Amino acid sequence: MKKLVIFDLDGTLLNTIADLATATNQALASYGYPTHETDRYNYFVGNGIDKLFERALPEGEKTERNVLRIRERFIPYYDEHCTDFTKPYPHIPELLETIQRKGLRIAVASNKYQQATSKLIPFYFPNIQFAAVFGQRKGVPRKPDPTTVIDIMNRVGVSREETFYVGDSNVDMQTARHAHVDGIGVTWGFRPREELEKDHPFAIVDKAEEILSYLQRWEETPETKQSNRQFIQHAD
């Protein structure tokens with residue numbers, strides 16, 4: 001059975017905001033620019049790190065040259081410290097394990113640069129066999145462009161009807177719409193429910209285990225029903 005669930009990374013699978021904020025702030029401070037409280041970064045992230053740096057730079061300093069300068073300081077620091085404070089959201093590891101036991105394919109489509117995406121996924125989810133882990137890749141447009149999602153569907157060999165896309169922001173909901181797949185918005189991430197609602201996703205969930213109920217559209221076997229029960233008992 002080839003069915004596919006594609007997840008966003010930051011704000012969906014992992015709470016990465018503290019490490020992103022710390023790495024950006026140290027880069028800003030190294031050039032004498034003002035830094036920001038961690039909560040501000042909830043609205044800076046989501047469109048790739050260059051857009052993150054542009055948003056974090058002060059007015060009058062948002063030039064391409066300055067973005068590149070911040071990037072040069074950010075990447076070495078973040079690559080070394082990206083697991084200092086980052087952690088999975090509640091019950092995400094159990095959710096992924098349950099989906100995998102059900103025989104569904106799992107993938108990641110992120111706007112985080114590829115090197116960091118490829119490091120974080122196996123570090124936090126070593127027992128999950130991902131069909132694809134795609135971050136921001138050279139020559140590939142960032143989400144909400146649907147290219148990454150379509151690339152993953154083509155790699156797995158599934159149709160739009162056999163795919164869900166799960167994310168925490170309007171970028172993710174727009175990505176799902178542009179790829180013509182059903183989007184599931186999650187409220188535990190970086191953006192509020194109201195932002196998700198504006199893009200009218202297929203569903204919005206408040207807890208990881210709620211995602212399972214929307215996978216019921218795909219035929220279940222007795223084994224996958226047992227997996228669901230085990231997950232719910234664990235979550236309780």
# chains A, B, ... in the order shown; residues from 1 in each chain; ligands from 1
$ residues_around --residues "stretch 132-147 of chain A" --least-positions-apart "2" --cutoff "12 Å" --atoms "only C-alpha atoms" --output "mmCIF file with N, CA and C atoms, in the first residue's frame"
data_model
loop_
_atom_site.group_PDB
_atom_site.id
_atom_site.type_symbol
_atom_site.label_atom_id
_atom_site.label_comp_id
_atom_site.auth_asym_id
_atom_site.auth_seq_id
_atom_site.Cartn_x
_atom_site.Cartn_y
_atom_site.Cartn_z
ATOM 1 N N LEU A 4 1.004 8.245 1.542
ATOM 2 C CA LEU A 4 2.106 9.124 1.919
ATOM 3 C C LEU A 4 1.641 10.257 2.828
ATOM 4 N N VAL A 5 2.391 10.479 3.917
ATOM 5 C CA VAL A 5 2.174 11.629 4.787
ATOM 6 C C VAL A 5 3.465 12.437 4.793
ATOM 7 N N ILE A 6 3.392 13.667 4.298
ATOM 8 C CA ILE A 6 4.546 14.562 4.240
ATOM 9 C C ILE A 6 4.424 15.586 5.362
ATOM 10 N N PHE A 7 5.494 15.759 6.110
ATOM 11 C CA PHE A 7 5.509 16.697 7.227
ATOM 12 C C PHE A 7 6.451 17.861 6.960
ATOM 13 N N ASP A 8 6.023 19.046 7.364
ATOM 14 C CA ASP A 8 6.937 20.163 7.558
ATOM 15 C C ASP A 8 7.830 19.804 8.750
ATOM 16 N N LEU A 9 8.943 20.508 8.911
ATOM 17 C CA LEU A 9 9.868 20.197 10.007
ATOM 18 C C LEU A 9 9.737 21.182 11.161
ATOM 19 N N ASP A 10 10.201 22.425 10.974
ATOM 20 C CA ASP A 10 10.197 23.416 12.057
ATOM 21 C C ASP A 10 8.770 23.809 12.420
ATOM 22 N N GLY A 46 10.022 30.368 8.416
ATOM 23 C CA GLY A 46 8.981 29.778 7.581
ATOM 24 C C GLY A 46 9.237 29.873 6.092
ATOM 25 N N ASN A 47 10.095 30.798 5.691
ATOM 26 C CA ASN A 47 10.348 30.998 4.260
ATOM 27 C C ASN A 47 11.819 30.817 3.891
ATOM 28 N N GLY A 48 12.537 30.032 4.681
ATOM 29 C CA GLY A 48 13.956 29.825 4.418
ATOM 30 C C GLY A 48 14.815 30.788 5.222
ATOM 31 N N ILE A 49 16.116 30.450 5.375
ATOM 32 C CA ILE A 49 16.946 31.242 6.279
ATOM 33 C C ILE A 49 17.286 32.622 5.731
ATOM 34 N N ASP A 50 17.362 32.792 4.421
ATOM 35 C CA ASP A 50 17.647 34.130 3.896
ATOM 36 C C ASP A 50 16.527 35.107 4.246
ATOM 37 N N LYS A 51 15.286 34.639 4.156
ATOM 38 C CA LYS A 51 14.154 35.487 4.543
ATOM 39 C C LYS A 51 14.154 35.707 6.054
ATOM 40 N N ARG A 105 3.924 5.604 4.017
ATOM 41 C CA ARG A 105 5.229 6.226 3.807
ATOM 42 C C ARG A 105 5.238 7.595 4.471
ATOM 43 N N ILE A 106 6.416 8.006 4.957
ATOM 44 C CA ILE A 106 6.591 9.271 5.662
ATOM 45 C C ILE A 106 7.713 10.047 4.988
ATOM 46 N N ALA A 107 7.514 11.357 4.846
ATOM 47 C CA ALA A 107 8.549 12.195 4.240
ATOM 48 C C ALA A 107 8.543 13.565 4.904
ATOM 49 N N VAL A 108 9.592 14.341 4.634
ATOM 50 C CA VAL A 108 9.727 15.697 5.153
ATOM 51 C C VAL A 108 9.950 16.652 3.993
ATOM 52 N N ALA A 109 9.205 17.763 4.004
ATOM 53 C CA ALA A 109 9.398 18.849 3.043
ATOM 54 C C ALA A 109 9.543 20.137 3.838
ATOM 55 N N SER A 110 10.747 20.673 3.896
ATOM 56 C CA SER A 110 11.043 21.820 4.749
ATOM 57 C C SER A 110 11.692 22.936 3.954
ATOM 58 N N ASN A 111 11.537 24.172 4.457
ATOM 59 C CA ASN A 111 12.277 25.300 3.907
ATOM 60 C C ASN A 111 13.601 25.515 4.635
ATOM 61 N N LYS A 112 13.901 24.688 5.639
ATOM 62 C CA LYS A 112 15.209 24.746 6.290
ATOM 63 C C LYS A 112 16.264 24.248 5.304
ATOM 64 N N TYR A 113 17.457 24.832 5.353
ATOM 65 C CA TYR A 113 18.484 24.429 4.396
ATOM 66 C C TYR A 113 18.795 22.939 4.555
ATOM 67 N N GLN A 114 19.150 22.310 3.445
ATOM 68 C CA GLN A 114 19.213 20.853 3.370
ATOM 69 C C GLN A 114 20.177 20.250 4.394
ATOM 70 N N GLN A 115 21.317 20.869 4.592
ATOM 71 C CA GLN A 115 22.322 20.309 5.497
ATOM 72 C C GLN A 115 21.770 20.133 6.904
ATOM 73 N N ALA A 116 21.061 21.142 7.401
ATOM 74 C CA ALA A 116 20.495 21.052 8.750
ATOM 75 C C ALA A 116 19.318 20.083 8.796
ATOM 76 N N THR A 117 18.492 20.098 7.765
ATOM 77 C CA THR A 117 17.361 19.170 7.707
ATOM 78 C C THR A 117 17.851 17.728 7.757
ATOM 79 N N SER A 118 18.884 17.438 6.983
ATOM 80 C CA SER A 118 19.426 16.081 6.919
ATOM 81 C C SER A 118 20.086 15.653 8.228
ATOM 82 N N LYS A 119 20.536 16.613 9.030
ATOM 83 C CA LYS A 119 21.143 16.288 10.326
ATOM 84 C C LYS A 119 20.079 16.050 11.388
ATOM 85 N N LEU A 120 19.052 16.898 11.431
ATOM 86 C CA LEU A 120 18.077 16.852 12.517
ATOM 87 C C LEU A 120 17.174 15.624 12.449
ATOM 88 N N ILE A 121 16.754 15.253 11.259
ATOM 89 C CA ILE A 121 15.792 14.158 11.144
ATOM 90 C C ILE A 121 16.339 12.844 11.704
ATOM 91 N N PRO A 122 17.506 12.354 11.282
ATOM 92 C CA PRO A 122 17.992 11.094 11.860
ATOM 93 C C PRO A 122 18.399 11.224 13.326
ATOM 94 N N PHE A 125 14.779 11.189 15.054
ATOM 95 C CA PHE A 125 13.863 10.105 14.663
ATOM 96 C C PHE A 125 14.644 8.953 14.030
ATOM 97 N N ILE A 128 12.740 5.851 12.265
ATOM 98 C CA ILE A 128 11.777 6.078 11.185
ATOM 99 C C ILE A 128 12.493 6.012 9.838
ATOM 100 N N GLN A 129 11.923 5.259 8.932
ATOM 101 C CA GLN A 129 12.471 5.149 7.578
ATOM 102 C C GLN A 129 11.734 6.141 6.675
ATOM 103 N N PHE A 130 12.321 7.296 6.498
ATOM 104 C CA PHE A 130 11.691 8.338 5.690
ATOM 105 C C PHE A 130 11.886 8.048 4.204
ATOM 106 N N VAL A 149 7.012 19.056 -2.675
ATOM 107 C CA VAL A 149 5.970 18.060 -2.400
ATOM 108 C C VAL A 149 5.741 17.167 -3.612
ATOM 109 N N ILE A 150 5.710 17.751 -4.785
ATOM 110 C CA ILE A 150 5.505 16.964 -6.008
ATOM 111 C C ILE A 150 6.701 16.039 -6.251
ATOM 112 N N ASP A 151 7.912 16.526 -5.981
ATOM 113 C CA ASP A 151 9.096 15.676 -6.118
ATOM 114 C C ASP A 151 8.997 14.444 -5.222
ATOM 115 N N ILE A 152 8.521 14.653 -4.003
ATOM 116 C CA ILE A 152 8.391 13.534 -3.069
ATOM 117 C C ILE A 152 7.326 12.556 -3.549
ATOM 118 N N MET A 153 6.195 13.056 -4.009
ATOM 119 C CA MET A 153 5.141 12.168 -4.505
ATOM 120 C C MET A 153 5.639 11.344 -5.687
ATOM 121 N N ASN A 154 6.387 11.980 -6.565
ATOM 122 C CA ASN A 154 6.935 11.256 -7.715
ATOM 123 C C ASN A 154 7.934 10.191 -7.283
ATOM 124 N N ARG A 155 8.758 10.513 -6.287
ATOM 125 C CA ARG A 155 9.736 9.543 -5.795
ATOM 126 C C ARG A 155 9.034 8.317 -5.206
ATOM 127 N N VAL A 156 7.979 8.545 -4.438
ATOM 128 C CA VAL A 156 7.268 7.443 -3.781
ATOM 129 C C VAL A 156 6.347 6.720 -4.756
ATOM 130 N N ARG A 160 -2.062 12.399 -5.799
ATOM 131 C CA ARG A 160 -2.485 13.460 -4.880
ATOM 132 C C ARG A 160 -3.512 12.948 -3.890
ATOM 133 N N TYR A 165 -0.421 16.504 3.478
ATOM 134 C CA TYR A 165 0.698 17.367 3.845
ATOM 135 C C TYR A 165 0.359 18.046 5.166
ATOM 136 N N GLY A 167 1.491 20.691 8.314
ATOM 137 C CA GLY A 167 2.362 21.805 8.662
ATOM 138 C C GLY A 167 1.706 22.774 9.622
ATOM 139 N N SER A 169 1.906 26.428 9.411
ATOM 140 C CA SER A 169 1.833 27.830 9.002
ATOM 141 C C SER A 169 1.031 28.004 7.718
ATOM 142 N N ASN A 170 0.776 29.272 7.382
ATOM 143 C CA ASN A 170 0.091 29.555 6.122
ATOM 144 C C ASN A 170 0.929 29.116 4.927
ATOM 145 N N VAL A 171 2.254 29.171 5.065
ATOM 146 C CA VAL A 171 3.116 28.673 3.986
ATOM 147 C C VAL A 171 2.814 27.207 3.700
ATOM 148 N N ASP A 172 2.641 26.426 4.755
ATOM 149 C CA ASP A 172 2.376 24.998 4.582
ATOM 150 C C ASP A 172 0.993 24.747 3.990
ATOM 151 N N MET A 173 0.005 25.482 4.460
ATOM 152 C CA MET A 173 -1.345 25.280 3.930
ATOM 153 C C MET A 173 -1.421 25.693 2.463
ATOM 154 N N GLN A 174 -0.701 26.747 2.102
ATOM 155 C CA GLN A 174 -0.655 27.159 0.699
ATOM 156 C C GLN A 174 0.109 26.148 -0.141
ATOM 157 N N THR A 175 1.144 25.551 0.432
ATOM 158 C CA THR A 175 1.892 24.505 -0.274
ATOM 159 C C THR A 175 0.985 23.341 -0.606
ATOM 160 N N ALA A 176 0.200 22.906 0.368
ATOM 161 C CA ALA A 176 -0.735 21.796 0.140
ATOM 162 C C ALA A 176 -1.728 22.151 -0.961
ATOM 163 N N ARG A 177 -2.252 23.367 -0.906
ATOM 164 C CA ARG A 177 -3.232 23.775 -1.924
ATOM 165 C C ARG A 177 -2.594 23.823 -3.308
ATOM 166 N N HIS A 178 -1.387 24.354 -3.403
ATOM 167 C CA HIS A 178 -0.723 24.450 -4.700
ATOM 168 C C HIS A 178 -0.370 23.071 -5.271
ATOM 169 N N ALA A 179 -0.123 22.110 -4.366
ATOM 170 C CA ALA A 179 0.187 20.749 -4.808
ATOM 171 C C ALA A 179 -1.074 19.915 -5.026
ATOM 172 N N HIS A 180 -2.233 20.496 -4.696
ATOM 173 C CA HIS A 180 -3.528 19.819 -4.839
ATOM 174 C C HIS A 180 -3.594 18.555 -3.985
ATOM 175 N N VAL A 181 -3.048 18.670 -2.753
ATOM 176 C CA VAL A 181 -3.174 17.590 -1.785
ATOM 177 C C VAL A 181 -3.891 18.142 -0.564
#
$ residues_around --residues "stretch 80-82 of chain A" --least-positions-apart "3" --cutoff "10 Å" --atoms "only C-alpha atoms" --output "PyMOL selection string"
chain A and resi 16-20+22-23+75-77+85-86+116+119-120
$ select_by_dssp --residues "stretch 66-230 of chain A" --states "strand (DSSP E or B)" --output "PDB file with N, CA, C and O atoms, in the first residue's frame"
ATOM      1  N   LYS A  87      13.667  20.047  20.375  1.00  0.00           N
ATOM      2  CA  LYS A  87      13.093  18.765  20.799  1.00  0.00           C
ATOM      3  C   LYS A  87      11.811  18.502  20.002  1.00  0.00           C
ATOM      4  O   LYS A  87      11.169  19.439  19.517  1.00  0.00           O
ATOM      5  N   PRO A  88      11.430  17.237  19.874  1.00  0.00           N
ATOM      6  CA  PRO A  88      10.166  16.923  19.203  1.00  0.00           C
ATOM      7  C   PRO A  88       8.987  17.448  20.014  1.00  0.00           C
ATOM      8  O   PRO A  88       9.037  17.522  21.251  1.00  0.00           O
ATOM      9  N   ARG A 105       3.924   5.604   4.017  1.00  0.00           N
ATOM     10  CA  ARG A 105       5.229   6.226   3.807  1.00  0.00           C
ATOM     11  C   ARG A 105       5.238   7.595   4.471  1.00  0.00           C
ATOM     12  O   ARG A 105       4.224   8.295   4.516  1.00  0.00           O
ATOM     13  N   ILE A 106       6.416   8.006   4.957  1.00  0.00           N
ATOM     14  CA  ILE A 106       6.591   9.271   5.662  1.00  0.00           C
ATOM     15  C   ILE A 106       7.713  10.047   4.988  1.00  0.00           C
ATOM     16  O   ILE A 106       8.744   9.473   4.613  1.00  0.00           O
ATOM     17  N   ALA A 107       7.514  11.357   4.846  1.00  0.00           N
ATOM     18  CA  ALA A 107       8.549  12.195   4.240  1.00  0.00           C
ATOM     19  C   ALA A 107       8.543  13.565   4.904  1.00  0.00           C
ATOM     20  O   ALA A 107       7.609  13.923   5.637  1.00  0.00           O
ATOM     21  N   VAL A 108       9.592  14.341   4.634  1.00  0.00           N
ATOM     22  CA  VAL A 108       9.727  15.697   5.153  1.00  0.00           C
ATOM     23  C   VAL A 108       9.950  16.652   3.993  1.00  0.00           C
ATOM     24  O   VAL A 108      10.770  16.386   3.103  1.00  0.00           O
ATOM     25  N   ALA A 109       9.205  17.763   4.004  1.00  0.00           N
ATOM     26  CA  ALA A 109       9.398  18.849   3.043  1.00  0.00           C
ATOM     27  C   ALA A 109       9.543  20.137   3.838  1.00  0.00           C
ATOM     28  O   ALA A 109       8.568  20.630   4.403  1.00  0.00           O
ATOM     29  N   SER A 110      10.747  20.673   3.896  1.00  0.00           N
ATOM     30  CA  SER A 110      11.043  21.820   4.749  1.00  0.00           C
ATOM     31  C   SER A 110      11.692  22.936   3.954  1.00  0.00           C
ATOM     32  O   SER A 110      12.346  22.691   2.937  1.00  0.00           O
ATOM     33  N   ASN A 111      11.537  24.172   4.457  1.00  0.00           N
ATOM     34  CA  ASN A 111      12.277  25.300   3.907  1.00  0.00           C
ATOM     35  C   ASN A 111      13.601  25.515   4.635  1.00  0.00           C
ATOM     36  O   ASN A 111      14.346  26.436   4.302  1.00  0.00           O
ATOM     37  N   LYS A 112      13.901  24.688   5.639  1.00  0.00           N
ATOM     38  CA  LYS A 112      15.209  24.746   6.290  1.00  0.00           C
ATOM     39  C   LYS A 112      16.264  24.248   5.304  1.00  0.00           C
ATOM     40  O   LYS A 112      16.007  23.343   4.515  1.00  0.00           O
ATOM     41  N   TYR A 113      17.457  24.832   5.353  1.00  0.00           N
ATOM     42  CA  TYR A 113      18.484  24.429   4.396  1.00  0.00           C
ATOM     43  C   TYR A 113      18.795  22.939   4.555  1.00  0.00           C
ATOM     44  O   TYR A 113      18.708  22.369   5.635  1.00  0.00           O
ATOM     45  N   ALA A 132      11.704  10.328   1.944  1.00  0.00           N
ATOM     46  CA  ALA A 132      12.484  11.460   1.446  1.00  0.00           C
ATOM     47  C   ALA A 132      12.590  12.479   2.559  1.00  0.00           C
ATOM     48  O   ALA A 132      11.655  12.650   3.350  1.00  0.00           O
ATOM     49  N   VAL A 133      13.722  13.159   2.626  1.00  0.00           N
ATOM     50  CA  VAL A 133      13.927  14.256   3.572  1.00  0.00           C
ATOM     51  C   VAL A 133      14.489  15.415   2.771  1.00  0.00           C
ATOM     52  O   VAL A 133      15.684  15.481   2.488  1.00  0.00           O
ATOM     53  N   PHE A 134      13.621  16.315   2.364  1.00  0.00           N
ATOM     54  CA  PHE A 134      14.010  17.423   1.500  1.00  0.00           C
ATOM     55  C   PHE A 134      13.899  18.738   2.254  1.00  0.00           C
ATOM     56  O   PHE A 134      12.834  19.105   2.745  1.00  0.00           O
ATOM     57  N   GLY A 135      15.010  19.454   2.324  1.00  0.00           N
ATOM     58  CA  GLY A 135      15.017  20.817   2.802  1.00  0.00           C
ATOM     59  C   GLY A 135      15.137  21.756   1.617  1.00  0.00           C
ATOM     60  O   GLY A 135      14.823  21.393   0.473  1.00  0.00           O
ATOM     61  N   GLN A 136      15.612  22.967   1.895  1.00  0.00           N
ATOM     62  CA  GLN A 136      15.818  23.932   0.821  1.00  0.00           C
ATOM     63  C   GLN A 136      17.011  23.489  -0.008  1.00  0.00           C
ATOM     64  O   GLN A 136      18.129  23.356   0.493  1.00  0.00           O
ATOM     65  N   THR A 163      -2.062  11.347  -0.661  1.00  0.00           N
ATOM     66  CA  THR A 163      -1.062  12.151   0.035  1.00  0.00           C
ATOM     67  C   THR A 163      -1.722  13.158   0.971  1.00  0.00           C
ATOM     68  O   THR A 163      -2.699  13.809   0.610  1.00  0.00           O
ATOM     69  N   PHE A 164      -1.176  13.273   2.187  1.00  0.00           N
ATOM     70  CA  PHE A 164      -1.486  14.361   3.100  1.00  0.00           C
ATOM     71  C   PHE A 164      -0.222  15.195   3.291  1.00  0.00           C
ATOM     72  O   PHE A 164       0.885  14.658   3.306  1.00  0.00           O
ATOM     73  N   TYR A 165      -0.421  16.504   3.478  1.00  0.00           N
ATOM     74  CA  TYR A 165       0.698  17.367   3.845  1.00  0.00           C
ATOM     75  C   TYR A 165       0.359  18.046   5.166  1.00  0.00           C
ATOM     76  O   TYR A 165      -0.705  18.655   5.301  1.00  0.00           O
ATOM     77  N   VAL A 166       1.280  17.970   6.148  1.00  0.00           N
ATOM     78  CA  VAL A 166       1.040  18.440   7.505  1.00  0.00           C
ATOM     79  C   VAL A 166       2.013  19.561   7.837  1.00  0.00           C
ATOM     80  O   VAL A 166       3.231  19.409   7.674  1.00  0.00           O
ATOM     81  N   GLY A 167       1.491  20.691   8.314  1.00  0.00           N
ATOM     82  CA  GLY A 167       2.362  21.805   8.662  1.00  0.00           C
ATOM     83  C   GLY A 167       1.706  22.774   9.622  1.00  0.00           C
ATOM     84  O   GLY A 167       0.517  22.635   9.948  1.00  0.00           O
ATOM     85  N   ASP A 182      -4.431  17.259   0.267  1.00  0.00           N
ATOM     86  CA  ASP A 182      -5.112  17.685   1.483  1.00  0.00           C
ATOM     87  C   ASP A 182      -4.103  18.124   2.528  1.00  0.00           C
ATOM     88  O   ASP A 182      -3.145  17.394   2.843  1.00  0.00           O
ATOM     89  N   GLY A 183      -4.292  19.331   3.064  1.00  0.00           N
ATOM     90  CA  GLY A 183      -3.400  19.865   4.080  1.00  0.00           C
ATOM     91  C   GLY A 183      -4.000  19.739   5.470  1.00  0.00           C
ATOM     92  O   GLY A 183      -5.201  19.968   5.666  1.00  0.00           O
ATOM     93  N   ILE A 184      -3.174  19.378   6.421  1.00  0.00           N
ATOM     94  CA  ILE A 184      -3.568  19.327   7.824  1.00  0.00           C
ATOM     95  C   ILE A 184      -2.733  20.348   8.580  1.00  0.00           C
ATOM     96  O   ILE A 184      -1.499  20.270   8.596  1.00  0.00           O
ATOM     97  N   GLY A 185      -3.392  21.311   9.193  1.00  0.00           N
ATOM     98  CA  GLY A 185      -2.695  22.316   9.975  1.00  0.00           C
ATOM     99  C   GLY A 185      -2.590  21.890  11.427  1.00  0.00           C
ATOM    100  O   GLY A 185      -3.542  21.322  11.982  1.00  0.00           O
ATOM    101  N   VAL A 186      -1.436  22.164  12.055  1.00  0.00           N
ATOM    102  CA  VAL A 186      -1.237  21.831  13.465  1.00  0.00           C
ATOM    103  C   VAL A 186      -1.079  23.112  14.266  1.00  0.00           C
ATOM    104  O   VAL A 186      -0.419  24.058  13.820  1.00  0.00           O
ATOM    105  N   ALA A 203      -8.034  19.962   7.379  1.00  0.00           N
ATOM    106  CA  ALA A 203      -8.281  19.796   8.802  1.00  0.00           C
ATOM    107  C   ALA A 203      -7.272  20.602   9.597  1.00  0.00           C
ATOM    108  O   ALA A 203      -6.193  20.948   9.098  1.00  0.00           O
ATOM    109  N   ILE A 204      -7.636  20.933  10.834  1.00  0.00           N
ATOM    110  CA  ILE A 204      -6.727  21.550  11.802  1.00  0.00           C
ATOM    111  C   ILE A 204      -6.778  20.708  13.070  1.00  0.00           C
ATOM    112  O   ILE A 204      -7.860  20.371  13.549  1.00  0.00           O
ATOM    113  N   VAL A 205      -5.607  20.364  13.608  1.00  0.00           N
ATOM    114  CA  VAL A 205      -5.554  19.508  14.788  1.00  0.00           C
ATOM    115  C   VAL A 205      -4.762  20.187  15.895  1.00  0.00           C
ATOM    116  O   VAL A 205      -3.859  20.989  15.639  1.00  0.00           O
TER     117      VAL A 205
END
$ closest_residue --among "A:Leu28, A:Tyr124, A:Leu14, A:Glu97" --to "A:Asp168" --atoms "only C-alpha atoms"
A:Leu14
$ select_by_dssp --residues "stretch 14-142 of chain A" --states "alpha helix (DSSP H)" --output "ChimeraX atom specification"
/A:17-30,49-56,64-81,92-101,114-124
$ atom_distance --atom1 "atom CA of A:Arg65" --atom2 "atom CA of A:Ser30"
15.2 Å
$ closest_atom_pairs --of "stretch 173-213 of chain A" --to "stretch 39-45 of chain A" --cutoff "10 Å" --atoms "only C-alpha atoms" --output "Markdown table"
| residue | atom | partner | partner_atom | distance |
| --- | --- | --- | --- | --- |
| A:Gly189 | CA | A:Asn42 | CA | 8.6 |
| A:Phe190 | CA | A:Asn42 | CA | 5.0 |
| A:Arg191 | CA | A:Asn42 | CA | 6.8 |
| A:Pro192 | CA | A:Asn42 | CA | 9.9 |
$ write_last_selection --atoms "all heavy atoms" --output "tab-separated table (two decimals), in the first residue's frame"
chain	number	residue	atom	x	y	z
A	189	GLY	N	2.56	24.65	16.74
A	189	GLY	CA	3.79	25.18	16.17
A	189	GLY	C	3.98	26.66	16.39
A	189	GLY	O	3.63	27.22	17.43
A	190	PHE	N	4.52	27.34	15.37
A	190	PHE	CA	4.95	28.72	15.51
A	190	PHE	C	3.85	29.74	15.19
A	190	PHE	O	4.01	30.91	15.51
A	190	PHE	CB	6.14	28.99	14.59
A	190	PHE	CG	7.33	28.12	14.85
A	190	PHE	CD1	8.27	27.89	13.84
A	190	PHE	CD2	7.54	27.53	16.08
A	190	PHE	CE1	9.39	27.10	14.07
A	190	PHE	CE2	8.65	26.73	16.32
A	190	PHE	CZ	9.57	26.52	15.31
A	191	ARG	N	2.79	29.32	14.55
A	191	ARG	CA	1.78	30.27	14.11
A	191	ARG	C	0.42	29.96	14.73
A	191	ARG	O	0.12	28.80	15.04
A	191	ARG	CB	1.67	30.25	12.58
A	191	ARG	CG	2.97	30.55	11.86
A	191	ARG	CD	3.48	31.96	12.13
A	191	ARG	NE	4.75	32.23	11.48
A	191	ARG	CZ	4.89	32.61	10.21
A	191	ARG	NH1	3.83	32.76	9.45
A	191	ARG	NH2	6.09	32.83	9.71
A	192	PRO	N	-0.45	30.96	14.88
A	192	PRO	CA	-1.75	30.74	15.53
A	192	PRO	C	-2.75	30.04	14.62
A	192	PRO	O	-2.61	30.03	13.39
A	192	PRO	CB	-2.21	32.17	15.85
A	192	PRO	CG	-1.56	33.01	14.81
A	192	PRO	CD	-0.21	32.37	14.55
$ atom_distance --atom1 "atom CA of A:Ala27" --atom2 "atom CA of A:Lys62"
14.2 Å
$ residues_around --residues "A:Leu57" --least-positions-apart "2" --cutoff "12 Å" --atoms "only C-alpha atoms" --output "number ranges by chain"
A: 24-25, 27-29, 31-36, 41, 44, 50-55, 59-71
$ closest_residue --among "A:Trp218, A:Tyr78, A:Phe202, A:Phe123" --to "A:Pro93" --atoms "only C-alpha atoms"
A:Phe123
$ atom_distance --atom1 "atom CA of A:Lys102" --atom2 "atom CA of A:Leu13"
18.8 Å
